[in-house]
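A.B. asks: This is work.pdb (PDB, C-alpha atoms and all ligand atoms).
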```pdb
ATOM      1  CA  MET A   1      10.408  20.628   0.807
ATOM      2  CA  ASN A   2      11.060  17.030   1.661
ATOM      3  CA  ILE A   3       9.121  13.819   1.637
ATOM      4  CA  ASN A   4       9.958  10.693   3.618
ATOM      5  CA  ALA A   5       8.406   7.426   4.744
ATOM      6  CA  HIS A   6       7.087   9.118   7.883
ATOM      7  CA  SER A   7       5.322  11.957   6.072
ATOM      8  CA  ILE A   8       3.844   9.532   3.525
ATOM      9  CA  TRP A   9       2.678   7.162   6.253
ATOM     10  CA  SER A  10       1.103   9.999   8.195
ATOM     11  CA  ASP A  11      -1.074  10.905   5.167
ATOM     12  CA  ILE A  12      -2.008   7.251   4.628
ATOM     13  CA  GLN A  13      -3.143   7.022   8.242
ATOM     14  CA  LYS A  14      -5.195  10.183   7.837
ATOM     15  CA  ILE A  15      -6.854   8.577   4.801
ATOM     16  CA  HIS A  16      -7.540   5.389   6.799
ATOM     17  CA  ASN A  17      -8.931   7.302   9.741
ATOM     18  CA  SER A  18     -11.133   9.795   7.892
ATOM     19  CA  VAL A  19     -12.075   7.685   4.803
ATOM     20  CA  PRO A  20     -12.487  10.771   2.573
ATOM     21  CA  LEU A  21     -15.162  10.711  -0.115
ATOM     22  CA  ILE A  22     -13.517  11.309  -3.492
ATOM     23  CA  HIS A  23     -15.802  12.514  -6.291
ATOM     24  CA  ASN A  24     -14.613  11.265  -9.679
ATOM     25  CA  ILE A  25     -15.814  12.411 -13.083
ATOM     26  CA  THR A  26     -13.705   9.957 -15.024
ATOM     27  CA  ASN A  27     -13.661   7.778 -18.111
ATOM     28  CA  TYR A  28     -15.526   4.544 -18.841
ATOM     29  CA  VAL A  29     -12.278   2.583 -19.259
ATOM     30  CA  VAL A  30     -10.924   3.094 -15.753
ATOM     31  CA  MET A  31     -13.919   3.711 -13.492
ATOM     32  CA  ASN A  32     -13.647   0.274 -11.921
ATOM     33  CA  ASN A  33      -9.835   0.366 -11.596
ATOM     34  CA  THR A  34      -9.691   3.782  -9.945
ATOM     35  CA  ALA A  35     -12.626   3.094  -7.603
ATOM     36  CA  ASN A  36     -10.928  -0.115  -6.437
ATOM     37  CA  ALA A  37      -7.574   1.627  -5.989
ATOM     38  CA  LEU A  38      -9.181   4.367  -3.871
ATOM     39  CA  LEU A  39     -10.873   1.713  -1.738
ATOM     40  CA  ALA A  40      -7.640  -0.254  -1.333
ATOM     41  CA  LEU A  41      -5.889   2.929  -0.180
ATOM     42  CA  GLY A  42      -8.624   3.507   2.405
ATOM     43  CA  ALA A  43     -10.631   6.265   0.707
ATOM     44  CA  SER A  44     -14.260   6.190  -0.404
ATOM     45  CA  PRO A  45     -14.799   6.633  -4.155
ATOM     46  CA  VAL A  46     -17.899   7.778  -5.996
ATOM     47  CA  MET A  47     -18.250   8.127  -9.750
ATOM     48  CA  ALA A  48     -20.848  10.762 -10.671
ATOM     49  CA  HIS A  49     -21.089  12.722 -13.903
ATOM     50  CA  ALA A  50     -24.789  13.616 -14.303
ATOM     51  CA  ILE A  51     -25.060  17.379 -14.616
ATOM     52  CA  GLU A  52     -28.114  17.210 -12.304
ATOM     53  CA  GLU A  53     -26.088  15.935  -9.331
ATOM     54  CA  VAL A  54     -22.440  16.960  -9.667
ATOM     55  CA  GLU A  55     -22.804  20.064  -7.482
ATOM     56  CA  ASP A  56     -24.538  18.112  -4.717
ATOM     57  CA  MET A  57     -21.952  15.330  -4.900
ATOM     58  CA  VAL A  58     -18.954  17.632  -4.810
ATOM     59  CA  SER A  59     -20.530  19.382  -1.807
ATOM     60  CA  ILE A  60     -20.223  16.213   0.289
ATOM     61  CA  ALA A  61     -16.856  15.121  -1.163
ATOM     62  CA  ARG A  62     -13.388  16.024   0.119
ATOM     63  CA  ALA A  63     -11.753  16.195  -3.336
ATOM     64  CA  LEU A  64     -12.753  16.281  -7.005
ATOM     65  CA  VAL A  65     -11.016  14.200  -9.704
ATOM     66  CA  ILE A  66     -11.626  15.310 -13.307
ATOM     67  CA  ASN A  67     -10.503  12.995 -16.126
ATOM     68  CA  ILE A  68     -11.240  13.662 -19.820
ATOM     69  CA  GLY A  69     -10.519  10.108 -21.016
ATOM     70  CA  THR A  70     -13.854   9.490 -22.762
ATOM     71  CA  LEU A  71     -15.192  12.989 -23.111
ATOM     72  CA  SER A  72     -18.280  14.476 -24.761
ATOM     73  CA  GLU A  73     -19.992  17.869 -24.599
ATOM     74  CA  THR A  74     -22.420  17.096 -21.764
ATOM     75  CA  TRP A  75     -19.610  15.646 -19.681
ATOM     76  CA  ILE A  76     -17.527  18.787 -20.148
ATOM     77  CA  GLU A  77     -20.444  20.908 -18.945
ATOM     78  CA  ALA A  78     -20.793  18.674 -15.888
ATOM     79  CA  MET A  79     -17.031  18.922 -15.239
ATOM     80  CA  GLN A  80     -17.123  22.713 -15.335
ATOM     81  CA  LYS A  81     -20.122  22.829 -13.039
ATOM     82  CA  ALA A  82     -18.472  20.481 -10.541
ATOM     83  CA  MET A  83     -15.197  22.413 -10.707
ATOM     84  CA  GLN A  84     -16.895  25.736 -10.071
ATOM     85  CA  LYS A  85     -18.709  24.324  -7.040
ATOM     86  CA  ALA A  86     -15.515  22.732  -5.703
ATOM     87  CA  HIS A  87     -13.715  26.057  -6.109
ATOM     88  CA  GLU A  88     -16.507  27.894  -4.298
ATOM     89  CA  LEU A  89     -16.309  25.388  -1.423
ATOM     90  CA  LYS A  90     -12.454  25.449  -1.409
ATOM     91  CA  LYS A  91     -12.154  21.748  -2.188
ATOM     92  CA  PRO A  92      -9.066  20.459  -4.016
ATOM     93  CA  ILE A  93      -9.360  19.559  -7.702
ATOM     94  CA  VAL A  94      -7.038  17.320  -9.737
ATOM     95  CA  LEU A  95      -7.222  17.150 -13.537
ATOM     96  CA  ASP A  96      -6.060  14.293 -15.775
ATOM     97  CA  PRO A  97      -5.856  15.628 -19.358
ATOM     98  CA  VAL A  98      -6.053  12.162 -20.939
ATOM     99  CA  GLY A  99      -5.076  12.225 -24.607
ATOM    100  CA  ALA A 100      -4.363  15.971 -24.760
ATOM    101  CA  GLY A 101      -2.113  16.408 -27.779
ATOM    102  CA  ALA A 102      -3.732  13.481 -29.623
ATOM    103  CA  THR A 103      -6.683  15.415 -31.055
ATOM    104  CA  PRO A 104      -7.415  19.160 -31.147
ATOM    105  CA  TYR A 105     -10.682  18.506 -29.266
ATOM    106  CA  ARG A 106      -8.899  16.935 -26.294
ATOM    107  CA  THR A 107      -6.178  19.587 -26.194
ATOM    108  CA  ALA A 108      -8.706  22.429 -26.387
ATOM    109  CA  THR A 109     -10.950  20.833 -23.755
ATOM    110  CA  ALA A 110      -8.089  20.334 -21.321
ATOM    111  CA  GLN A 111      -7.000  23.946 -21.871
ATOM    112  CA  LYS A 112     -10.581  25.176 -21.395
ATOM    113  CA  LEU A 113     -10.892  23.277 -18.096
ATOM    114  CA  ILE A 114      -7.584  24.718 -16.894
ATOM    115  CA  GLU A 115      -8.891  28.203 -17.651
ATOM    116  CA  THR A 116     -12.232  27.549 -15.901
ATOM    117  CA  ILE A 117     -10.768  27.988 -12.403
ATOM    118  CA  ASN A 118      -7.472  27.479 -10.615
ATOM    119  CA  LEU A 119      -6.865  23.762 -10.351
ATOM    120  CA  THR A 120      -4.922  22.275  -7.459
ATOM    121  CA  VAL A 121      -3.010  19.612  -9.442
ATOM    122  CA  ILE A 122      -2.670  18.555 -13.087
ATOM    123  CA  ARG A 123      -1.248  15.040 -13.758
ATOM    124  CA  GLY A 124      -0.485  13.609 -17.151
ATOM    125  CA  ASN A 125       2.217  11.893 -19.155
ATOM    126  CA  ALA A 126       4.911  13.977 -20.887
ATOM    127  CA  SER A 127       3.089  14.360 -24.229
ATOM    128  CA  GLU A 128      -0.131  15.418 -22.512
ATOM    129  CA  ILE A 129       1.546  18.000 -20.260
ATOM    130  CA  TYR A 130       3.602  19.391 -23.151
ATOM    131  CA  SER A 131       0.462  19.907 -25.263
ATOM    132  CA  LEU A 132      -1.202  22.014 -22.559
ATOM    133  CA  VAL A 133       1.116  24.967 -23.077
ATOM    134  CA  GLY A 134       0.186  25.176 -26.728
ATOM    135  CA  GLU A 135       3.236  23.374 -28.036
ATOM    136  CA  ASP A 136       2.810  21.064 -30.977
ATOM    137  CA  THR A 137       3.276  17.439 -29.966
ATOM    138  CA  GLN A 138       1.769  14.114 -30.849
ATOM    139  CA  THR A 139       0.248  12.092 -28.057
ATOM    140  CA  LYS A 140      -0.264   8.543 -29.310
ATOM    141  CA  GLY A 141      -3.891   8.186 -28.282
ATOM    142  CA  VAL A 142      -3.501   8.120 -24.510
ATOM    143  CA  ASP A 143       0.186   7.134 -24.517
ATOM    144  CA  SER A 144       3.196   9.409 -24.326
ATOM    145  CA  THR A 145       5.701   9.590 -27.154
ATOM    146  CA  GLN A 146       8.208  11.357 -24.892
ATOM    147  CA  GLN A 147      10.182  10.861 -21.671
ATOM    148  CA  SER A 148       9.088  12.838 -18.596
ATOM    149  CA  GLU A 149      12.018  15.306 -18.791
ATOM    150  CA  PHE A 150      10.762  16.496 -22.176
ATOM    151  CA  ALA A 151       7.814  18.272 -20.528
ATOM    152  CA  ILE A 152       9.586  19.827 -17.555
ATOM    153  CA  GLU A 153       9.678  23.410 -18.866
ATOM    154  CA  ALA A 154       6.054  23.130 -19.996
ATOM    155  CA  ALA A 155       5.128  21.851 -16.526
ATOM    156  CA  LYS A 156       6.977  24.728 -14.842
ATOM    157  CA  SER A 157       5.213  27.359 -16.911
ATOM    158  CA  LEU A 158       1.854  25.651 -16.421
ATOM    159  CA  ALA A 159       2.457  25.536 -12.661
ATOM    160  CA  GLN A 160       3.505  29.174 -12.569
ATOM    161  CA  ARG A 161       0.702  30.445 -14.759
ATOM    162  CA  ASN A 162      -2.024  28.502 -12.966
ATOM    163  CA  LYS A 163      -0.573  28.461  -9.436
ATOM    164  CA  CYS A 164      -0.855  24.698  -9.301
ATOM    165  CA  THR A 165       1.258  21.562  -8.966
ATOM    166  CA  VAL A 166       1.962  19.549 -12.117
ATOM    167  CA  VAL A 167       2.866  15.853 -12.099
ATOM    168  CA  ILE A 168       4.512  14.302 -15.165
ATOM    169  CA  SER A 169       4.361  10.503 -15.042
ATOM    170  CA  GLY A 170       6.439   7.953 -16.906
ATOM    171  CA  MET A 171       9.554   5.912 -16.210
ATOM    172  CA  LYS A 172      10.517   8.773 -13.897
ATOM    173  CA  ASP A 173       7.802  10.808 -12.229
ATOM    174  CA  LEU A 174       8.351  14.544 -11.847
ATOM    175  CA  ILE A 175       6.452  16.654  -9.320
ATOM    176  CA  VAL A 176       6.689  20.271 -10.394
ATOM    177  CA  ASN A 177       5.595  23.643  -9.072
ATOM    178  CA  ALA A 178       6.757  27.191  -9.759
ATOM    179  CA  ASP A 179       9.959  26.840  -7.732
ATOM    180  CA  GLN A 180      10.753  23.197  -7.059
ATOM    181  CA  VAL A 181      10.942  19.790  -8.723
ATOM    182  CA  ILE A 182      11.001  16.354  -7.104
ATOM    183  CA  GLN A 183      11.833  13.264  -9.132
ATOM    184  CA  ILE A 184      10.450   9.938  -7.969
ATOM    185  CA  GLU A 185      11.985   6.782  -9.334
ATOM    186  CA  ASN A 186       9.623   4.159  -8.056
ATOM    187  CA  GLY A 187       7.405   2.086 -10.326
ATOM    188  CA  HIS A 188       7.910  -0.661 -12.900
ATOM    189  CA  PRO A 189       7.666  -0.813 -16.735
ATOM    190  CA  LEU A 190       4.873  -3.409 -16.463
ATOM    191  CA  MET A 191       2.635  -0.648 -15.064
ATOM    192  CA  ALA A 192       2.473   0.910 -18.522
ATOM    193  CA  LYS A 193       0.961  -2.355 -19.805
ATOM    194  CA  VAL A 194      -2.126  -1.934 -17.649
ATOM    195  CA  THR A 195      -4.652   0.631 -18.830
ATOM    196  CA  GLY A 196      -5.431   3.462 -16.495
ATOM    197  CA  MET A 197      -2.431   3.302 -14.183
ATOM    198  CA  GLY A 198      -1.986   7.027 -14.849
ATOM    199  CA  CYS A 199      -5.671   7.634 -14.168
ATOM    200  CA  THR A 200      -5.203   5.654 -10.953
ATOM    201  CA  ALA A 201      -2.290   7.904  -9.989
ATOM    202  CA  THR A 202      -4.549  10.917 -10.535
ATOM    203  CA  ALA A 203      -7.342   9.429  -8.396
ATOM    204  CA  LEU A 204      -4.876   8.637  -5.587
ATOM    205  CA  ILE A 205      -3.585  12.219  -5.742
ATOM    206  CA  GLY A 206      -7.217  13.208  -5.067
ATOM    207  CA  ALA A 207      -7.219  11.113  -1.889
ATOM    208  CA  PHE A 208      -3.935  12.607  -0.632
ATOM    209  CA  LEU A 209      -5.189  16.139  -1.408
ATOM    210  CA  ALA A 210      -8.185  15.392   0.805
ATOM    211  CA  VAL A 211      -5.911  14.970   3.845
ATOM    212  CA  ASN A 212      -2.960  17.240   3.020
ATOM    213  CA  THR A 213      -3.399  20.908   2.073
ATOM    214  CA  ASP A 214       0.132  21.118   0.631
ATOM    215  CA  ALA A 215      -0.625  20.092  -2.955
ATOM    216  CA  PHE A 216       3.031  19.620  -3.917
ATOM    217  CA  ILE A 217       3.716  17.254  -1.016
ATOM    218  CA  ALA A 218       0.375  15.459  -1.380
ATOM    219  CA  SER A 219       1.153  14.844  -5.066
ATOM    220  CA  ALA A 220       4.636  13.548  -4.278
ATOM    221  CA  HIS A 221       3.230  11.255  -1.578
ATOM    222  CA  ALA A 222       0.572   9.812  -3.891
ATOM    223  CA  THR A 223       3.092   9.335  -6.701
ATOM    224  CA  ALA A 224       5.523   7.532  -4.414
ATOM    225  CA  VAL A 225       2.782   5.264  -3.078
ATOM    226  CA  ILE A 226       1.540   4.176  -6.504
ATOM    227  CA  GLY A 227       5.131   3.595  -7.625
ATOM    228  CA  ILE A 228       6.011   1.499  -4.575
ATOM    229  CA  ALA A 229       2.776  -0.525  -4.764
ATOM    230  CA  GLY A 230       3.431  -1.021  -8.489
ATOM    231  CA  GLU A 231       6.956  -2.236  -7.773
ATOM    232  CA  ILE A 232       5.794  -4.729  -5.134
ATOM    233  CA  ALA A 233       3.020  -5.944  -7.449
ATOM    234  CA  ALA A 234       5.345  -6.317 -10.438
ATOM    235  CA  HIS A 235       7.615  -8.628  -8.453
ATOM    236  CA  GLN A 236       4.699 -10.945  -7.762
ATOM    237  CA  ALA A 237       2.983 -10.684 -11.158
ATOM    238  CA  THR A 238       3.567 -12.817 -14.228
ATOM    239  CA  GLY A 239       2.072 -10.244 -16.613
ATOM    240  CA  PRO A 240      -0.331  -7.291 -16.853
ATOM    241  CA  GLY A 241      -3.358  -9.325 -15.748
ATOM    242  CA  SER A 242      -1.934 -10.442 -12.431
ATOM    243  CA  LEU A 243      -0.255  -7.055 -11.979
ATOM    244  CA  GLN A 244      -3.675  -5.443 -11.610
ATOM    245  CA  ILE A 245      -4.705  -7.832  -8.872
ATOM    246  CA  HIS A 246      -1.367  -7.662  -7.050
ATOM    247  CA  PHE A 247      -1.387  -3.874  -7.331
ATOM    248  CA  LEU A 248      -4.655  -3.588  -5.391
ATOM    249  CA  ASP A 249      -3.392  -6.052  -2.777
ATOM    250  CA  ALA A 250      -0.053  -4.228  -2.453
ATOM    251  CA  LEU A 251      -1.829  -0.910  -2.000
ATOM    252  CA  TYR A 252      -4.135  -2.420   0.610
ATOM    253  CA  LYS A 253      -1.304  -4.128   2.514
ATOM    254  CA  LEU A 254       1.310  -1.376   2.169
ATOM    255  CA  LYS A 255       3.421  -0.952   5.307
ATOM    256  CA  LYS A 256       5.564   1.932   6.497
ATOM    257  CA  GLU A 257       8.595  -0.398   6.265
ATOM    258  CA  ASP A 258       7.899  -0.998   2.550
ATOM    259  CA  ILE A 259       8.036   2.755   1.995
ATOM    260  CA  GLU A 260      11.194   3.119   4.098
ATOM    261  CA  GLU A 261      12.873   0.369   2.110
ATOM    262  CA  LYS A 262      11.773   1.339  -1.403
ATOM    263  CA  LEU A 263      11.218   5.127  -1.580
ATOM    264  CA  LYS A 264      13.529   6.600  -4.215
ATOM    265  CA  PHE A 265      13.350  10.338  -4.788
ATOM    266  CA  TYR A 266      15.636  13.229  -5.634
ATOM    267  CA  LYS A 267      15.261  16.979  -5.590
ATOM    268  CA  ILE A 268      16.286  18.445  -8.939
TER     269      ILE A 268
HETATM  270  N1  LIG B 301       8.736   2.548 -17.542
HETATM  271  C1  LIG B 301       8.215   2.748 -16.333
HETATM  272  N2  LIG B 301       8.951   2.495 -15.235
HETATM  273  C2  LIG B 301       8.453   2.706 -14.010
HETATM  274  N3  LIG B 301       7.181   3.170 -13.768
HETATM  275  C3  LIG B 301       6.408   3.438 -14.826
HETATM  276  C4  LIG B 301       6.866   3.251 -16.163
HETATM  277  N4  LIG B 301       5.872   3.627 -17.000
HETATM  278  C5  LIG B 301       4.841   4.012 -16.236
HETATM  279  N5  LIG B 301       5.158   3.922 -14.923
HETATM  280  C6  LIG B 301       4.293   4.266 -13.787
HETATM  281  O1  LIG B 301       2.954   3.967 -14.138
HETATM  282  C7  LIG B 301       2.064   4.974 -13.685
HETATM  283  C8  LIG B 301       1.277   5.518 -14.868
HETATM  284  O2  LIG B 301       2.111   6.334 -15.631
HETATM  285  P1  LIG B 301       1.924   6.584 -17.193
HETATM  286  O3  LIG B 301       2.903   7.651 -17.540
HETATM  287  O4  LIG B 301       1.992   5.313 -17.926
HETATM  288  O5  LIG B 301       0.446   7.195 -17.203
HETATM  289  P2  LIG B 301      -0.538   7.468 -18.398
HETATM  290  O6  LIG B 301       0.190   7.509 -19.699
HETATM  291  O7  LIG B 301      -1.369   8.630 -18.050
HETATM  292  O8  LIG B 301      -1.430   6.139 -18.316
HETATM  293  P3  LIG B 301      -2.994   5.907 -18.622
HETATM  294  O9  LIG B 301      -3.412   6.904 -19.633
HETATM  295  O10 LIG B 301      -3.070   4.485 -19.108
HETATM  296  O11 LIG B 301      -3.728   6.087 -17.346
HETATM  297  C9  LIG B 301       2.907   6.003 -12.961
HETATM  298  O12 LIG B 301       2.839   5.749 -11.580
HETATM  299  C10 LIG B 301       4.318   5.755 -13.492
HETATM  300  O13 LIG B 301       5.300   6.059 -12.538
HETATM  301  C1  LIG B 302      -7.404   3.593 -23.232
HETATM  302  C2  LIG B 302      -8.189   4.798 -22.901
HETATM  303  N1  LIG B 302      -8.879   5.471 -23.862
HETATM  304  C3  LIG B 302      -9.524   6.521 -23.388
HETATM  305  S1  LIG B 302      -9.337   6.750 -21.718
HETATM  306  C4  LIG B 302      -8.348   5.362 -21.625
HETATM  307  C5  LIG B 302      -7.800   4.908 -20.335
HETATM  308  C6  LIG B 302      -6.376   5.207 -20.126
HETATM  309  O1  LIG B 302      -6.046   6.535 -20.179
HETATM  310 MG    MG B 303      -3.172   9.098 -18.806
END
```
Represent the structure contained in this file as structure tokens.
C.D. replies:
Amino acid sequence: MNINAHSIWSDIQKIHNSVPLIHNITNYVVMNNTANALLALGASPVMAHAIEEVEDMVSIARALVINIGTLSETWIEAMQKAMQKAHELKKPIVLDPVGAGATPYRTATAQKLIETINLTVIRGNASEIYSLVGEDTQTKGVDSTQQSEFAIEAAKSLAQRNKCTVVISGMKDLIVNADQVIQIENGHPLMAKVTGMGCTATALIGAFLAVNTDAFIASAHATAVIGIAGEIAAHQATGPGSLQIHFLDALYKLKKEDIEEKLKFYKI
């Protein structure tokens, strides 16, 4: 399977034209960042975690984004309820296992959510993905202690076992399913100095899943777009503060020519 500027642009246009509602159950830290990124991309975000409304919200949404960044018991219940409804209605679900591998509670919760139903995509950094297959690793809070390649076998087995796509983010981004791997080399180190860039990648994957039923390609497209927008933003920014602002503007103003010029990916 291949991705190119044309296939990425075609998905972006579908997002612009259909403005898909993306239901996010996400953490307090990044709610504002990920909602703004979804808007800049052309999607329509809503953050809703009350157990009383998650089924109704997911029923009108085109994709569900689950993020365990600031979890507690009632949130987990709401996540499971939303996931079950999404599954019933055949809507795509993307999980961000934030901090899995940092505490047993986070690792066990992420694993429990994965077992709840078949997810469409799981995206995390290398430490988080590695921890999901029961391997002992130390995630440093929400940050990875490993390079992306470290988690590739874990990602493959996770993808195979759960019939899903797995995205490992970091300096290199790896898009993994049972029988193929794409490496995307867009992005900039300054992105790791802004909280929630990974959570933003997960939310954008949600938007691409809403318009593209091929989860592997949709994930690769979203990952390339965040990397390219991050690269453009980093060249204009003087530090993490201005990077955030420039990132939203770059995402909003992204052109097909930018993708043609900057897209860097390899099949491995
Ligand atoms: N050193 C780097 N070089 C290039 N891009 C990077 C680098 N580090 C992170 N990125 C990019 O930043 C984005 C977030 O990836 P990262 O692995 O930092 O997520 P994360 O650890 O889940 O972050 P968070 O928990 O803060 O949301 C990805 O798009 C990734 O490609
Ligand atoms: C810093 C932080 N802590 C919990 S969630 C979050 C956002 C980045 O993952
Ligand atoms: Mg993360």
A.B. asks: Evaluated on this file, the PyMOL selection byres (((not hetatm)) within 6 of (chain B and resi 303)) picks out some residues - which ones are they, written as a PyMOL selection string?
C.D. replies: chain A and resi 98+124+142+198-199
A.B. asks: Report, as lines of an AutoDock Vina configuration file, the axis-aligned box around all atoms of stretch 21-24 of chain A present in the file, extended by 5 Å on each side; give centre and edge lengths in Å to one decimal place.
C.D. replies:
```
center_x = -14.7
center_y = 11.6
center_z = -4.9
size_x = 12.3
size_y = 11.8
size_z = 19.6
```
A.B. asks: Nearest to A:Thr195 among A:Ala224, A:Val30, A:Ala234, A:Ala102, with distances taken over all atoms listed in the file: which residue is it?
C.D. replies: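 Smallest separation from A:Thr195 among the options: A:Val30.
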A.B. asks: Expand the PyMOL selection byres (((chain A and resi 200) around 10) and not hetatm) into the explicit residue set it covers here, and present it as a list in words.
C.D. replies: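 In the shown coordinates, the PyMOL selection byres (((chain A and resi 200) around 10) and not hetatm) covers Val30, Met31, Asn33, Thr34, Ala35, Asn36, Ala37, Leu38, Asp96, Thr195, Gly196, Met197, Gly198, Cys199, Ala201, Thr202, Ala203, Leu204, Ile205, Gly206 and Ile226 of chain A.
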A.B. asks: Show me, as a list in words, the residues that have an atom within 7 Å of A:Val121 when counting all atoms listed in the file, minus same-chain residues fewer than 5 positions from it.
C.D. replies: Ile93, Val94, Leu95, Cys164, Thr165, Val166 and Ala215 of chain A
A.B. asks: Taking the file as shown, find all residues satisfying the PyMOL selection byres (((chain A and resi 154) around 10) and not hetatm) and write them as a PyMOL selection string.
C.D. replies: chain A and resi 126+129-135+149-153+155-160+166
A.B. asks: Quick one: pull the distance between atom CA of A:Ala210 and atom CA of A:Thr107, Å, one decimal.
C.D. replies: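 Atom-to-atom, atom CA of A:Ala210 to atom CA of A:Thr107, that is 27.4 Å.
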A.B. asks: Using only C-alpha atoms, which protein or nucleic acid residues come within 7 Å of A:Thr26? Drop anything in the same chain fewer than 6 positions from it, and give the result as a PyMOL selection string.
C.D. replies: chain A and resi 66-69
A.B. asks: A:Val46, A:Ile217, A:Met79, A:Val29: which is nearest ligand LIG 302 (chain B), counting all atoms listed in the file?
C.D. replies: A:Val29
A.B. asks: Please provide as a PyMOL selection string all residues within 7 Å of A:Lys267, with the sequence filter that same-chain residues fewer than 5 positions apart are discarded (counting all atoms listed in the file).
C.D. replies: chain A and resi 181-183
A.B. asks: Taking all atoms listed in the file into account, name the residue in A:Ile114, A:Val211, A:Ala40, A:Leu174 that is nearest to ligand LIG 301 (chain B).
C.D. replies: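 Going through A:Ile114, A:Val211, A:Ala40, A:Leu174 one by one, the smallest distance to ligand LIG 301 (chain B) is for A:Leu174.
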A.B. asks: Will you model N, CA and C atoms for stretch 157-171 of chain A and pass it back as a PDB file, in the coordinates of the input?
C.D. replies:
```pdb
ATOM      1  N   SER A 157       5.978  26.175 -16.519  1.00  0.00           N
ATOM      2  CA  SER A 157       5.213  27.359 -16.911  1.00  0.00           C
ATOM      3  C   SER A 157       3.725  27.174 -16.615  1.00  0.00           C
ATOM      4  N   LEU A 158       3.250  25.960 -16.768  1.00  0.00           N
ATOM      5  CA  LEU A 158       1.854  25.651 -16.421  1.00  0.00           C
ATOM      6  C   LEU A 158       1.623  25.873 -14.919  1.00  0.00           C
ATOM      7  N   ALA A 159       2.570  25.405 -14.120  1.00  0.00           N
ATOM      8  CA  ALA A 159       2.457  25.536 -12.661  1.00  0.00           C
ATOM      9  C   ALA A 159       2.480  27.002 -12.238  1.00  0.00           C
ATOM     10  N   GLN A 160       3.357  27.760 -12.897  1.00  0.00           N
ATOM     11  CA  GLN A 160       3.505  29.174 -12.569  1.00  0.00           C
ATOM     12  C   GLN A 160       2.263  29.958 -12.969  1.00  0.00           C
ATOM     13  N   ARG A 161       1.833  29.716 -14.204  1.00  0.00           N
ATOM     14  CA  ARG A 161       0.702  30.445 -14.759  1.00  0.00           C
ATOM     15  C   ARG A 161      -0.588  30.151 -13.986  1.00  0.00           C
ATOM     16  N   ASN A 162      -0.752  28.903 -13.585  1.00  0.00           N
ATOM     17  CA  ASN A 162      -2.024  28.502 -12.966  1.00  0.00           C
ATOM     18  C   ASN A 162      -1.926  28.277 -11.456  1.00  0.00           C
ATOM     19  N   LYS A 163      -0.774  28.622 -10.890  1.00  0.00           N
ATOM     20  CA  LYS A 163      -0.573  28.461  -9.436  1.00  0.00           C
ATOM     21  C   LYS A 163      -1.007  27.075  -8.971  1.00  0.00           C
ATOM     22  N   CYS A 164      -0.481  26.067  -9.661  1.00  0.00           N
ATOM     23  CA  CYS A 164      -0.855  24.698  -9.301  1.00  0.00           C
ATOM     24  C   CYS A 164       0.391  23.810  -9.285  1.00  0.00           C
ATOM     25  N   THR A 165       0.193  22.563  -8.887  1.00  0.00           N
ATOM     26  CA  THR A 165       1.258  21.562  -8.966  1.00  0.00           C
ATOM     27  C   THR A 165       1.016  20.747 -10.227  1.00  0.00           C
ATOM     28  N   VAL A 166       2.093  20.380 -10.923  1.00  0.00           N
ATOM     29  CA  VAL A 166       1.962  19.549 -12.117  1.00  0.00           C
ATOM     30  C   VAL A 166       2.769  18.267 -11.901  1.00  0.00           C
ATOM     31  N   VAL A 167       2.167  17.139 -12.206  1.00  0.00           N
ATOM     32  CA  VAL A 167       2.866  15.853 -12.099  1.00  0.00           C
ATOM     33  C   VAL A 167       3.002  15.281 -13.505  1.00  0.00           C
ATOM     34  N   ILE A 168       4.260  14.975 -13.884  1.00  0.00           N
ATOM     35  CA  ILE A 168       4.512  14.302 -15.165  1.00  0.00           C
ATOM     36  C   ILE A 168       4.863  12.852 -14.829  1.00  0.00           C
ATOM     37  N   SER A 169       4.074  11.911 -15.350  1.00  0.00           N
ATOM     38  CA  SER A 169       4.361  10.503 -15.042  1.00  0.00           C
ATOM     39  C   SER A 169       5.056   9.830 -16.212  1.00  0.00           C
ATOM     40  N   GLY A 170       5.702   8.719 -15.895  1.00  0.00           N
ATOM     41  CA  GLY A 170       6.439   7.953 -16.906  1.00  0.00           C
ATOM     42  C   GLY A 170       7.437   7.070 -16.191  1.00  0.00           C
ATOM     43  N   MET A 171       8.537   6.728 -16.854  1.00  0.00           N
ATOM     44  CA  MET A 171       9.554   5.912 -16.210  1.00  0.00           C
ATOM     45  C   MET A 171      10.036   6.617 -14.935  1.00  0.00           C
TER      46      MET A 171
END
```
